[in-house]
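> entry-v7.txt is the file, holding compact mmCIF, C-alpha atoms:
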```txt
# COMPACT_ATOMS: atom_id res chain seq x y z
CA VAL A 1 0.00 0.00 0.00
CA ALA A 2 1.51 3.32 -1.05
CA TYR A 3 0.50 6.39 0.93
CA SER A 4 0.13 9.91 -0.36
CA LYS A 5 3.23 10.66 1.68
CA HIS A 6 6.55 8.83 1.49
CA LEU A 7 5.81 5.41 3.00
CA VAL A 8 5.14 1.99 1.52
CA HIS A 9 3.52 -0.66 3.73
CA VAL A 10 3.81 -4.33 2.76
CA TYR A 11 1.45 -6.89 4.27
CA SER A 12 1.72 -10.68 4.22
CA TYR A 13 -1.48 -12.64 3.74
CA HIS A 14 -1.80 -16.08 5.37
CA GLY A 15 -5.53 -16.69 5.21
CA PRO A 16 -8.93 -14.99 5.60
CA ASN A 17 -8.25 -13.89 9.19
CA ASP A 18 -4.49 -13.63 9.15
CA MET A 19 -2.94 -10.55 7.53
CA LYS A 20 0.27 -9.23 9.05
CA ASN A 21 2.23 -6.01 8.66
CA HIS A 22 5.42 -7.27 7.00
CA LEU A 23 7.41 -4.14 6.13
CA GLU A 24 7.31 -0.36 6.32
CA ILE A 25 9.62 1.34 3.84
CA GLU A 26 10.50 5.03 3.74
CA ALA A 27 10.56 4.96 -0.02
CA HIS A 28 10.72 8.51 -1.40
CA ALA A 29 11.22 12.14 -0.51
CA GLY A 30 7.66 13.23 -1.13
CA SER A 31 4.65 11.28 -2.32
CA VAL A 32 4.78 7.69 -3.51
CA ASN A 33 2.85 7.74 -6.78
CA ASP A 34 2.81 4.10 -7.92
CA LEU A 35 4.09 0.67 -7.03
CA ALA A 36 4.31 -2.72 -8.72
CA PHE A 37 5.68 -6.19 -8.13
CA SER A 38 8.34 -7.73 -10.37
CA PHE A 39 10.51 -10.84 -10.47
CA PRO A 40 14.07 -9.96 -11.50
CA ASN A 41 16.32 -13.00 -11.15
CA LYS A 42 13.21 -15.00 -10.16
CA HIS A 43 13.07 -13.14 -6.84
CA ILE A 44 10.08 -11.01 -5.89
CA SER A 45 10.76 -7.29 -5.71
CA ILE A 46 8.69 -4.14 -5.19
CA ILE A 47 9.14 -1.18 -7.54
CA THR A 48 8.12 2.31 -6.42
CA CYS A 49 8.20 5.79 -7.95
CA GLY A 50 7.54 9.21 -6.53
CA ASP A 51 7.57 12.97 -6.55
CA ASP A 52 11.36 12.94 -6.06
CA ARG A 53 11.64 11.86 -9.76
CA LEU A 54 13.16 8.50 -8.80
CA ILE A 55 12.30 4.84 -9.39
CA LYS A 56 13.44 2.40 -6.73
CA VAL A 57 13.50 -1.40 -6.52
CA TRP A 58 13.18 -3.10 -3.13
CA ASP A 59 13.56 -6.67 -1.92
CA ALA A 60 9.99 -7.65 -0.98
CA VAL A 61 11.14 -9.94 1.83
CA THR A 62 13.81 -7.84 3.54
CA GLY A 63 12.96 -4.33 2.34
CA ALA A 64 16.55 -3.77 1.19
CA LYS A 65 16.96 -1.29 -1.67
CA GLN A 66 18.33 -3.00 -4.77
CA TYR A 67 18.34 -0.26 -7.44
CA THR A 68 17.69 3.47 -7.82
CA PHE A 69 16.95 4.80 -11.30
CA GLU A 70 17.50 8.49 -12.01
CA GLY A 71 16.77 10.43 -15.18
CA HIS A 72 13.24 11.82 -15.09
CA GLU A 73 12.96 15.60 -14.81
CA SER A 74 9.44 15.59 -13.34
CA PRO A 75 7.62 13.48 -10.72
CA VAL A 76 7.33 9.86 -11.83
CA TYR A 77 3.66 9.04 -12.34
CA SER A 78 3.39 5.31 -13.08
CA LEU A 79 5.28 2.04 -13.56
CA CYS A 80 4.91 -0.91 -15.91
CA PRO A 81 7.33 -3.82 -15.29
CA HIS A 82 7.50 -6.48 -17.98
CA HIS A 83 9.77 -9.08 -19.54
CA LYS A 84 10.57 -10.30 -23.05
CA GLU A 85 11.93 -13.83 -22.90
CA THR A 86 14.83 -13.50 -20.44
CA ILE A 87 15.02 -9.68 -20.49
CA GLN A 88 13.39 -7.97 -17.50
CA PHE A 89 12.66 -4.23 -17.75
CA ILE A 90 10.52 -1.40 -16.40
CA PHE A 91 8.63 1.33 -18.23
CA SER A 92 8.17 4.52 -16.22
CA THR A 93 6.12 7.60 -17.07
CA ALA A 94 6.40 11.12 -15.66
CA THR A 95 3.99 14.02 -15.30
CA ASP A 96 5.76 15.88 -18.12
CA GLY A 97 4.79 13.12 -20.57
CA LYS A 98 8.20 11.44 -20.76
CA ILE A 99 8.35 7.64 -20.98
CA LYS A 100 11.57 5.81 -20.12
CA ALA A 101 12.62 2.16 -19.95
CA TRP A 102 15.11 0.63 -17.51
CA LEU A 103 16.91 -2.66 -17.15
CA TYR A 104 17.81 -3.97 -13.71
CA ASP A 105 21.29 -2.43 -13.76
CA ASN A 106 22.88 0.95 -13.17
CA MET A 107 23.33 1.96 -16.81
CA GLY A 108 20.51 4.52 -17.03
CA SER A 109 17.36 4.56 -19.16
CA ARG A 110 17.39 2.72 -22.47
CA VAL A 111 14.61 4.63 -24.26
CA ASP A 112 13.08 8.10 -24.09
CA TYR A 113 9.61 8.47 -25.63
CA ASP A 114 7.04 11.26 -25.51
CA ALA A 115 3.51 10.29 -24.47
CA PRO A 116 0.74 11.61 -26.76
CA GLY A 117 -0.10 15.17 -25.77
CA HIS A 118 2.69 15.08 -23.16
CA SER A 119 0.15 13.50 -20.84
CA SER A 120 0.40 11.82 -17.45
CA THR A 121 0.17 8.26 -18.70
CA MET A 122 -0.29 4.69 -17.52
CA MET A 123 1.01 1.77 -19.59
CA SER A 124 -0.13 -1.84 -19.83
CA TYR A 125 0.56 -4.93 -21.95
CA SER A 126 -2.01 -7.30 -23.35
CA ALA A 127 -2.29 -10.61 -21.51
CA ASP A 128 0.10 -12.41 -23.86
CA GLY A 129 2.65 -9.58 -23.65
CA SER A 130 2.61 -8.95 -27.38
CA ARG A 131 0.89 -5.54 -27.48
CA LEU A 132 1.63 -2.36 -25.51
CA PHE A 133 -0.99 0.29 -24.68
CA SER A 134 -1.06 3.56 -22.78
CA CYS A 135 -3.77 5.90 -21.55
CA GLY A 136 -3.52 9.32 -19.94
CA SER A 137 -4.61 12.94 -19.76
CA ASN A 138 -2.66 16.19 -20.07
CA LYS A 139 -2.96 19.57 -18.36
CA GLU A 140 -5.24 20.85 -21.13
CA GLY A 141 -7.77 18.11 -20.33
CA GLU A 142 -7.11 16.07 -23.48
CA SER A 143 -7.05 12.28 -23.05
CA PHE A 144 -5.32 9.69 -25.19
CA LEU A 145 -5.71 5.90 -25.41
CA VAL A 146 -3.16 4.44 -27.83
CA GLU A 147 -1.37 1.29 -28.92
CA TRP A 148 2.41 1.51 -29.36
CA ASN A 149 4.78 0.15 -31.94
CA GLU A 150 7.14 -1.03 -29.25
CA SER A 151 10.23 -1.57 -31.39
CA GLU A 152 10.08 1.93 -32.93
CA GLY A 153 8.64 3.89 -29.99
CA THR A 154 5.84 5.33 -32.11
CA VAL A 155 2.06 5.35 -31.77
CA LYS A 156 0.51 2.60 -33.87
CA ARG A 157 -3.19 3.26 -33.20
CA THR A 158 -5.17 6.01 -31.41
CA TYR A 159 -8.58 5.05 -30.05
CA LEU A 160 -11.52 7.45 -30.37
CA GLY A 161 -14.22 8.36 -27.89
CA LEU A 162 -12.51 9.81 -24.81
CA GLY A 163 -13.95 13.11 -23.60
CA LYS A 164 -12.23 16.29 -22.49
CA ARG A 165 -11.93 16.78 -18.75
CA SER A 166 -11.31 19.57 -16.28
CA VAL A 167 -9.58 17.46 -13.62
CA GLY A 168 -8.19 13.95 -13.19
CA VAL A 169 -6.54 11.38 -15.42
CA VAL A 170 -8.31 8.61 -17.35
CA ARG A 171 -7.66 5.12 -15.92
CA PHE A 172 -7.76 2.06 -18.16
CA ASP A 173 -7.19 -1.69 -18.28
CA THR A 174 -6.89 -4.50 -20.80
CA THR A 175 -8.54 -7.90 -20.74
CA LYS A 176 -7.10 -11.02 -22.32
CA ASN A 177 -5.90 -10.10 -25.79
CA ARG A 178 -9.00 -8.45 -27.19
CA PHE A 179 -10.59 -5.57 -25.25
CA LEU A 180 -9.69 -2.25 -23.64
CA ALA A 181 -11.74 -0.38 -21.07
CA ALA A 182 -11.39 3.12 -19.62
CA GLY A 183 -13.19 5.04 -16.88
CA ASP A 184 -14.29 8.32 -18.46
CA GLU A 185 -17.15 10.84 -18.13
CA PHE A 186 -18.78 8.99 -15.21
CA THR A 187 -18.96 5.79 -17.31
CA ILE A 188 -16.91 2.81 -18.43
CA LYS A 189 -16.03 2.76 -22.12
CA PHE A 190 -15.00 -0.34 -24.09
CA TRP A 191 -12.96 -0.81 -27.27
CA ASP A 192 -11.93 -3.78 -29.36
CA MET A 193 -8.13 -3.66 -29.53
CA ASP A 194 -8.25 -3.93 -33.33
CA SER A 195 -10.70 -1.06 -33.88
CA VAL A 196 -10.25 2.62 -33.00
CA ASN A 197 -14.00 3.21 -32.67
CA LEU A 198 -15.81 3.03 -29.34
CA LEU A 199 -17.48 -0.35 -28.87
CA THR A 200 -19.94 0.39 -26.06
CA THR A 201 -20.43 2.48 -22.91
CA ILE A 202 -22.03 1.52 -19.58
CA ASP A 203 -22.77 3.53 -16.42
CA ALA A 204 -22.78 0.56 -13.96
CA ASP A 205 -26.17 1.74 -12.62
CA GLY A 206 -24.69 5.16 -11.79
CA GLY A 207 -22.70 6.41 -8.85
CA LEU A 208 -19.32 6.50 -10.63
CA PRO A 209 -16.83 9.38 -10.32
CA ALA A 210 -15.73 11.34 -13.39
CA SER A 211 -12.67 9.07 -13.84
CA PRO A 212 -13.36 5.80 -12.05
CA CYS A 213 -10.55 3.34 -11.39
CA ILE A 214 -11.23 0.02 -13.12
CA ARG A 215 -9.55 -3.37 -13.17
CA PHE A 216 -10.40 -6.68 -14.80
CA ASN A 217 -9.67 -9.95 -13.09
CA LYS A 218 -7.05 -12.07 -14.83
CA ASP A 219 -9.64 -13.94 -16.87
CA GLY A 220 -11.61 -10.94 -18.09
CA THR A 221 -14.91 -12.10 -16.58
CA LEU A 222 -15.18 -9.74 -13.59
CA MET A 223 -14.40 -6.06 -13.24
CA ALA A 224 -13.92 -3.91 -10.14
CA VAL A 225 -14.81 -0.22 -10.48
CA SER A 226 -14.50 2.55 -7.88
CA THR A 227 -17.55 4.61 -6.94
CA SER A 228 -18.01 8.26 -6.02
CA ASP A 229 -18.84 7.34 -2.39
CA ASN A 230 -15.54 5.49 -1.84
CA GLY A 231 -17.03 2.10 -2.63
CA VAL A 232 -16.29 -0.67 -5.11
CA LYS A 233 -18.75 -2.18 -7.55
CA ILE A 234 -18.26 -5.59 -9.13
CA LEU A 235 -19.37 -6.06 -12.73
CA ALA A 236 -19.61 -9.43 -14.46
CA ASN A 237 -20.12 -10.58 -18.02
CA THR A 238 -22.01 -13.74 -18.94
CA ASP A 239 -19.16 -16.06 -17.99
CA GLY A 240 -18.57 -14.16 -14.76
CA PHE A 241 -22.20 -14.59 -13.72
CA ARG A 242 -22.04 -18.27 -14.62
CA LEU A 243 -19.08 -18.74 -12.30
CA LEU A 244 -20.74 -16.79 -9.51
CA ARG A 245 -23.89 -18.86 -9.97
CA MET A 246 -21.85 -22.06 -9.63
CA ALA A 247 -20.23 -20.64 -6.50
CA GLU A 248 -23.65 -19.65 -5.16
CA ASN A 249 -25.04 -23.15 -5.69
CA ARG A 250 -22.05 -24.86 -4.09
CA SER A 251 -22.03 -22.41 -1.21
CA PHE A 252 -25.75 -22.94 -0.66
CA ASP A 253 -25.39 -26.71 -0.57
CA ALA A 254 -22.52 -26.49 1.90
CA SER A 255 -24.08 -23.95 4.23
CA ARG A 256 -27.84 -24.61 4.32
CA ALA A 257 -27.62 -25.68 7.94
CA ALA A 258 -26.04 -22.36 8.86
CA SER A 259 -28.13 -20.18 6.58
CA ALA A 260 -29.91 -18.52 9.48
CA ALA A 261 -26.63 -16.93 10.51
CA ILE A 262 -26.04 -15.22 7.17
CA VAL A 263 -26.26 -11.43 7.44
CA LYS A 264 -27.46 -9.60 4.38
CA GLY A 265 -25.32 -6.55 3.64
CA PRO A 266 -25.16 -3.68 1.16
CA MET A 267 -23.18 -3.44 -2.05
CA ILE A 268 -19.48 -3.54 -1.25
CA GLY A 269 -18.45 -0.07 -0.18
CA GLY A 270 -14.90 0.62 0.92
CA VAL A 271 -14.05 -2.99 1.78
CA PHE A 272 -12.83 -5.72 -0.52
CA PRO A 273 -11.75 -9.33 0.07
CA SER A 274 -8.28 -9.02 1.54
CA GLY A 275 -7.04 -12.04 -0.38
CA SER A 276 -7.37 -9.99 -3.54
CA ALA A 277 -6.50 -6.65 -1.98
CA ALA A 278 -5.82 -4.71 -5.13
CA VAL A 279 -7.56 -1.70 -6.54
CA GLY A 280 -9.09 -3.72 -9.24
CA ALA A 281 -7.93 -7.28 -8.57
CA ALA A 282 -11.19 -9.21 -8.70
CA ILE A 283 -12.87 -11.56 -6.28
CA ALA A 284 -12.24 -14.77 -8.16
CA ASP A 285 -8.54 -14.27 -8.91
CA ARG A 286 -7.25 -16.53 -6.20
CA THR A 287 -10.02 -19.11 -6.04
CA VAL A 288 -11.60 -19.68 -9.43
CA ALA A 289 -9.91 -20.47 -12.72
CA ALA A 290 -12.39 -18.46 -14.77
CA PRO A 291 -13.06 -18.83 -18.49
CA GLY A 292 -13.20 -16.60 -21.45
CA MET A 293 -12.82 -12.97 -22.38
CA VAL A 294 -15.43 -10.24 -22.65
CA GLY A 295 -18.48 -11.71 -24.25
CA GLY A 296 -16.61 -14.96 -24.97
CA LEU A 297 -17.70 -18.47 -24.10
CA HIS A 298 -15.08 -21.05 -23.16
CA ASN A 299 -15.10 -24.21 -21.07
CA ALA A 300 -14.85 -23.40 -17.38
CA ASP A 301 -12.32 -25.04 -15.12
CA ASN A 302 -14.16 -25.03 -11.82
CA ARG A 303 -11.67 -26.71 -9.54
CA SER A 304 -12.64 -24.54 -6.58
CA SER A 305 -15.24 -21.95 -5.71
CA ILE A 306 -15.76 -18.73 -3.81
CA ASP A 307 -18.15 -18.46 -0.91
CA VAL A 308 -20.23 -15.48 -1.95
CA LYS A 309 -23.96 -14.91 -2.29
CA PRO A 310 -24.40 -12.88 -5.47
CA LYS A 311 -27.71 -11.40 -6.50
CA PHE A 312 -28.23 -12.27 -10.14
CA PRO A 313 -30.20 -10.07 -12.51
CA ASP A 314 -32.84 -11.55 -14.76
CA GLU A 315 -30.87 -12.96 -17.71
CA SER A 316 -33.91 -12.39 -19.92
CA ALA A 317 -33.58 -8.65 -19.36
CA ASP A 318 -31.27 -6.41 -21.36
CA LYS A 319 -28.93 -8.86 -23.10
CA SER A 320 -27.29 -6.03 -25.04
CA LYS A 321 -25.23 -5.09 -22.01
CA ILE A 322 -21.80 -6.70 -21.90
CA TRP A 323 -21.37 -6.04 -18.19
CA LYS A 324 -23.96 -6.14 -15.40
CA LEU A 325 -23.82 -5.48 -11.69
CA SER A 326 -23.48 -8.24 -9.11
CA GLU A 327 -24.18 -7.79 -5.41
CA ILE A 328 -21.84 -9.50 -2.96
CA SER A 329 -23.90 -9.84 0.20
CA GLU A 330 -21.93 -12.45 2.14
CA GLN A 331 -20.14 -10.17 4.59
CA SER A 332 -17.90 -12.95 5.90
CA GLN A 333 -16.01 -12.71 2.61
CA CYS A 334 -15.08 -9.06 3.19
CA ARG A 335 -12.09 -7.94 5.20
CA SER A 336 -10.98 -4.50 6.31
CA LEU A 337 -7.64 -3.45 7.74
CA ARG A 338 -7.01 -0.17 9.53
CA LEU A 339 -3.74 1.44 8.55
CA PRO A 340 -1.42 2.88 11.24
CA ASP A 341 -2.73 5.91 13.15
CA GLY A 342 0.66 7.63 13.21
CA ILE A 343 0.41 8.69 9.56
CA SER A 344 -0.77 12.28 9.19
CA ALA A 345 -1.87 11.86 5.56
CA MET A 346 -4.29 8.93 5.50
CA LYS A 347 -5.16 8.91 1.82
CA VAL A 348 -4.19 5.60 0.21
CA ARG A 349 -2.79 6.24 -3.26
CA THR A 350 -2.17 2.74 -4.58
CA VAL A 351 -2.97 -0.83 -3.61
CA SER A 352 -1.48 -3.88 -5.27
CA TYR A 353 -1.67 -7.62 -4.70
CA ILE A 354 0.61 -10.49 -5.59
CA SER A 355 -0.28 -14.16 -5.17
```
Can you turn what I pasted into structure tokens?

Amino acid sequence: VAYSKHLVHVYSYHGPNDMKNHLEIEAHAGSVNDLAFSFPNKHISIITCGDDRLIKVWDAVTGAKQYTFEGHESPVYSLCPHHKETIQFIFSTATDGKIKAWLYDNMGSRVDYDAPGHSSTMMSYSADGSRLFSCGSNKEGESFLVEWNESEGTVKRTYLGLGKRSVGVVRFDTTKNRFLAAGDEFTIKFWDMDSVNLLTTIDADGGLPASPCIRFNKDGTLMAVSTSDNGVKILANTDGFRLLRMAENRSFDASRAASAAIVKGPMIGGVFPSGSAAVGAAIADRTVAAPGMVGGLHNADNRSSIDVKPKFPDESADKSKIWKLSEISEQSQCRSLRLPDGISAMKVRTVSYIS
């Protein structure tokens, strides 16, 4: 968890009721703006960036600093670690629109690109690692969602449909190897990766901020989206609902005797299962091997299930919607953790999860 100040807290997760404070790292002089996990030399590390224009790599077990990367002239905004075969590297973006790439050595940045519109940008690869995308907004309120020609450092495709904004930066995510989604204009917008035109837009039954944070689960069947009242909504496509229905049936069979003890609760708001404690890691990541991509239909591998009680909409209703809302009302599946009281700035900037 990266605070709006200079600290990074690392927690170890040992089960539903066992989460321990593992490390506290004084990471940067000024705000920590992003963090990510990576595996250089097959050893788990934490990468951070901040207002001090630095990128740092830390040993996730001991907290020892392994590398410091210097070269940005503005605060570093986001990180995107990746690997190509045996080559491990990190993309970093800064608030002045500069994009740099680093190897795990002390030889400086290897590339220097300009983000479209010199925007504050986030970068992400497709699931198979073959395609690179970025999305961001500049000080003039213009937003850009693009695909990169990675070898040449040029924009290959610019997607249409993002609005102009007065504040904030557009957040986006990719699912499998086919779709892009971005939180924009109080909605969630979808694109096919191979077409620049907007595919569809949904409002998730309202209550979204101007630029909601969104994140698909690894299988592209569930999506977490932030709400304007500091909550989290879970959206599911057809395959996602099918998995939740299977989980509901199994959970019902296993717990009928104890059903009187179940407490009905509201839509998730501010709490999220701690086993998938990421802004946008989804409920089923650690327990269900889910099928398919958006709108796709593949054979499900249901080796395990999640103990949730979703409320399913009538499937005969509006079938034109790709994503619909699911209510998680089994409160025993939700965990909350209070962060240390000694921190004067209590705004959490970034949450990430590694299994």
> Which residue is closest to Ser74 of chain A? Choose from A:Ile90, A:Val61, A:Leu54, A:Ala101 and count all atoms listed in the file.
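For Ser74 of chain A, the nearest of the candidates is A:Leu54.
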> Can you list, as a PyMOL selection string, every protein, DNA or RNA residue that comes within 6 Å of Met223 of chain A when you count only C-alpha atoms, leaving out same-chain residues fewer than 6 positions away?
chain A and resi 215-216+234-235
> Using all atoms listed in the file for the distances, tell me which of A:Pro81, A:Gly163, A:Gly220, A:Gly15 is nearest to Phe39 of chain A.
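Of A:Pro81, A:Gly163, A:Gly220, A:Gly15, the one nearest Phe39 of chain A is A:Pro81, counting all atoms listed in the file.
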> One number please: atom CA of Asp219 of chain A to atom CA of Lys176 of chain A, in Å, one decimal.
6.7 Å
> Atom CA of Phe144 of chain A and atom CA of Arg157 of chain A, how far apart in Å?
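Atom-to-atom, atom CA of Arg157 of chain A to atom CA of Phe144 of chain A, that is 10.5 Å.
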> Enter the distance from atom CA of Ser228 of chain A to atom CA of Val169 of chain A, in Å, rounded to one decimal.
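Spanning atom CA of Ser228 of chain A to atom CA of Val169 of chain A is a straight-line distance of 15.2 Å.
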> Taking a cut-off of 10 Å and counting all atoms listed in the file, can you build a table that, for each residue of segment 49-154 of chain A near segment 181-185 of chain A, reports the nearest atom pair and how far apart they are in Å (one decimal), sorted by chain then residue number, as a tab-separated table?

```
residue	atom	partner	partner_atom	distance
A:Cys135	CA	A:Ala182	CA	8.3
A:Ser143	CA	A:Asp184	CA	9.4
A:Leu145	CA	A:Ala182	CA	8.6
```
> Next, the residues of the selection above should be written as a JSON list (two decimals), keeping the file's coordinate frame with C-alpha atoms.

```json
[["chain", "number", "residue", "atom", "x", "y", "z"],
["A", 135, "CYS", "CA", -3.77, 5.90, -21.55],
["A", 143, "SER", "CA", -7.05, 12.28, -23.05],
["A", 145, "LEU", "CA", -5.71, 5.90, -25.41]]
```
> I'd like the neighbourhood of segment 105-115 of chain A as a PyMOL selection string, where a residue qualifies if any of its atoms comes within 10 Å (using only C-alpha atoms), though same-chain residues fewer than 2 positions away should be ignored.
chain A and resi 66-72+89-103+117-122+134-138+144+146+152-155
> For segment 127-136 of chain A, write all heavy atoms out as an mmCIF file, in the first residue's frame.

```
data_model
loop_
_atom_site.group_PDB
_atom_site.id
_atom_site.type_symbol
_atom_site.label_atom_id
_atom_site.label_comp_id
_atom_site.auth_asym_id
_atom_site.auth_seq_id
_atom_site.Cartn_x
_atom_site.Cartn_y
_atom_site.Cartn_z
ATOM 1 N N ALA A 127 -2.541 -9.454 -22.363
ATOM 2 C CA ALA A 127 -2.292 -10.613 -21.508
ATOM 3 C C ALA A 127 -1.145 -11.477 -22.012
ATOM 4 O O ALA A 127 -0.385 -12.037 -21.213
ATOM 5 C CB ALA A 127 -3.567 -11.450 -21.386
ATOM 6 N N ASP A 128 -0.978 -11.576 -23.321
ATOM 7 C CA ASP A 128 0.099 -12.410 -23.857
ATOM 8 C C ASP A 128 1.408 -11.642 -24.010
ATOM 9 O O ASP A 128 2.409 -12.200 -24.467
ATOM 10 C CB ASP A 128 -0.305 -13.033 -25.198
ATOM 11 C CG ASP A 128 -0.593 -11.989 -26.277
ATOM 12 O OD1 ASP A 128 -0.391 -10.766 -26.025
ATOM 13 O OD2 ASP A 128 -1.026 -12.381 -27.375
ATOM 14 N N GLY A 129 1.425 -10.366 -23.611
ATOM 15 C CA GLY A 129 2.645 -9.582 -23.654
ATOM 16 C C GLY A 129 3.074 -9.117 -25.024
ATOM 17 O O GLY A 129 4.161 -8.558 -25.179
ATOM 18 N N SER A 130 2.207 -9.279 -26.014
ATOM 19 C CA SER A 130 2.614 -8.950 -27.379
ATOM 20 C C SER A 130 2.259 -7.524 -27.800
ATOM 21 O O SER A 130 2.801 -7.014 -28.780
ATOM 22 C CB SER A 130 1.966 -9.939 -28.366
ATOM 23 O OG SER A 130 0.551 -9.802 -28.364
ATOM 24 N N ARG A 131 1.352 -6.867 -27.075
ATOM 25 C CA ARG A 131 0.893 -5.544 -27.477
ATOM 26 C C ARG A 131 0.969 -4.598 -26.288
ATOM 27 O O ARG A 131 0.613 -4.952 -25.157
ATOM 28 C CB ARG A 131 -0.538 -5.616 -28.019
ATOM 29 C CG ARG A 131 -0.654 -6.552 -29.201
ATOM 30 C CD ARG A 131 -2.095 -6.785 -29.640
ATOM 31 N NE ARG A 131 -2.682 -5.596 -30.265
ATOM 32 C CZ ARG A 131 -3.871 -5.609 -30.886
ATOM 33 N NH1 ARG A 131 -4.585 -6.727 -30.922
ATOM 34 N NH2 ARG A 131 -4.339 -4.490 -31.426
ATOM 35 N N LEU A 132 1.424 -3.358 -26.550
ATOM 36 C CA LEU A 132 1.633 -2.361 -25.506
ATOM 37 C C LEU A 132 0.677 -1.188 -25.715
ATOM 38 O O LEU A 132 0.574 -0.649 -26.813
ATOM 39 C CB LEU A 132 3.080 -1.865 -25.536
ATOM 40 C CG LEU A 132 3.452 -0.756 -24.539
ATOM 41 C CD1 LEU A 132 3.278 -1.232 -23.098
ATOM 42 C CD2 LEU A 132 4.890 -0.293 -24.783
ATOM 43 N N PHE A 133 -0.015 -0.793 -24.634
ATOM 44 C CA PHE A 133 -0.994 0.287 -24.684
ATOM 45 C C PHE A 133 -0.667 1.329 -23.609
ATOM 46 O O PHE A 133 0.001 1.036 -22.618
ATOM 47 C CB PHE A 133 -2.405 -0.253 -24.447
ATOM 48 C CG PHE A 133 -2.825 -1.313 -25.417
ATOM 49 C CD1 PHE A 133 -2.580 -2.649 -25.151
ATOM 50 C CD2 PHE A 133 -3.473 -0.981 -26.591
ATOM 51 C CE1 PHE A 133 -2.960 -3.642 -26.040
ATOM 52 C CE2 PHE A 133 -3.865 -1.958 -27.496
ATOM 53 C CZ PHE A 133 -3.600 -3.293 -27.216
ATOM 54 N N SER A 134 -1.154 2.531 -23.821
ATOM 55 C CA SER A 134 -1.057 3.558 -22.780
ATOM 56 C C SER A 134 -2.310 4.420 -22.816
ATOM 57 O O SER A 134 -2.994 4.519 -23.841
ATOM 58 C CB SER A 134 0.190 4.430 -22.953
ATOM 59 O OG SER A 134 0.058 5.307 -24.057
ATOM 60 N N CYS A 135 -2.608 5.025 -21.660
ATOM 61 C CA CYS A 135 -3.769 5.896 -21.554
ATOM 62 C C CYS A 135 -3.455 6.982 -20.547
ATOM 63 O O CYS A 135 -2.882 6.708 -19.484
ATOM 64 C CB CYS A 135 -4.997 5.096 -21.114
ATOM 65 S SG CYS A 135 -6.524 6.052 -21.041
ATOM 66 N N GLY A 136 -3.804 8.225 -20.873
ATOM 67 C CA GLY A 136 -3.524 9.316 -19.943
ATOM 68 C C GLY A 136 -4.198 10.603 -20.357
ATOM 69 O O GLY A 136 -4.870 10.685 -21.392
#
```
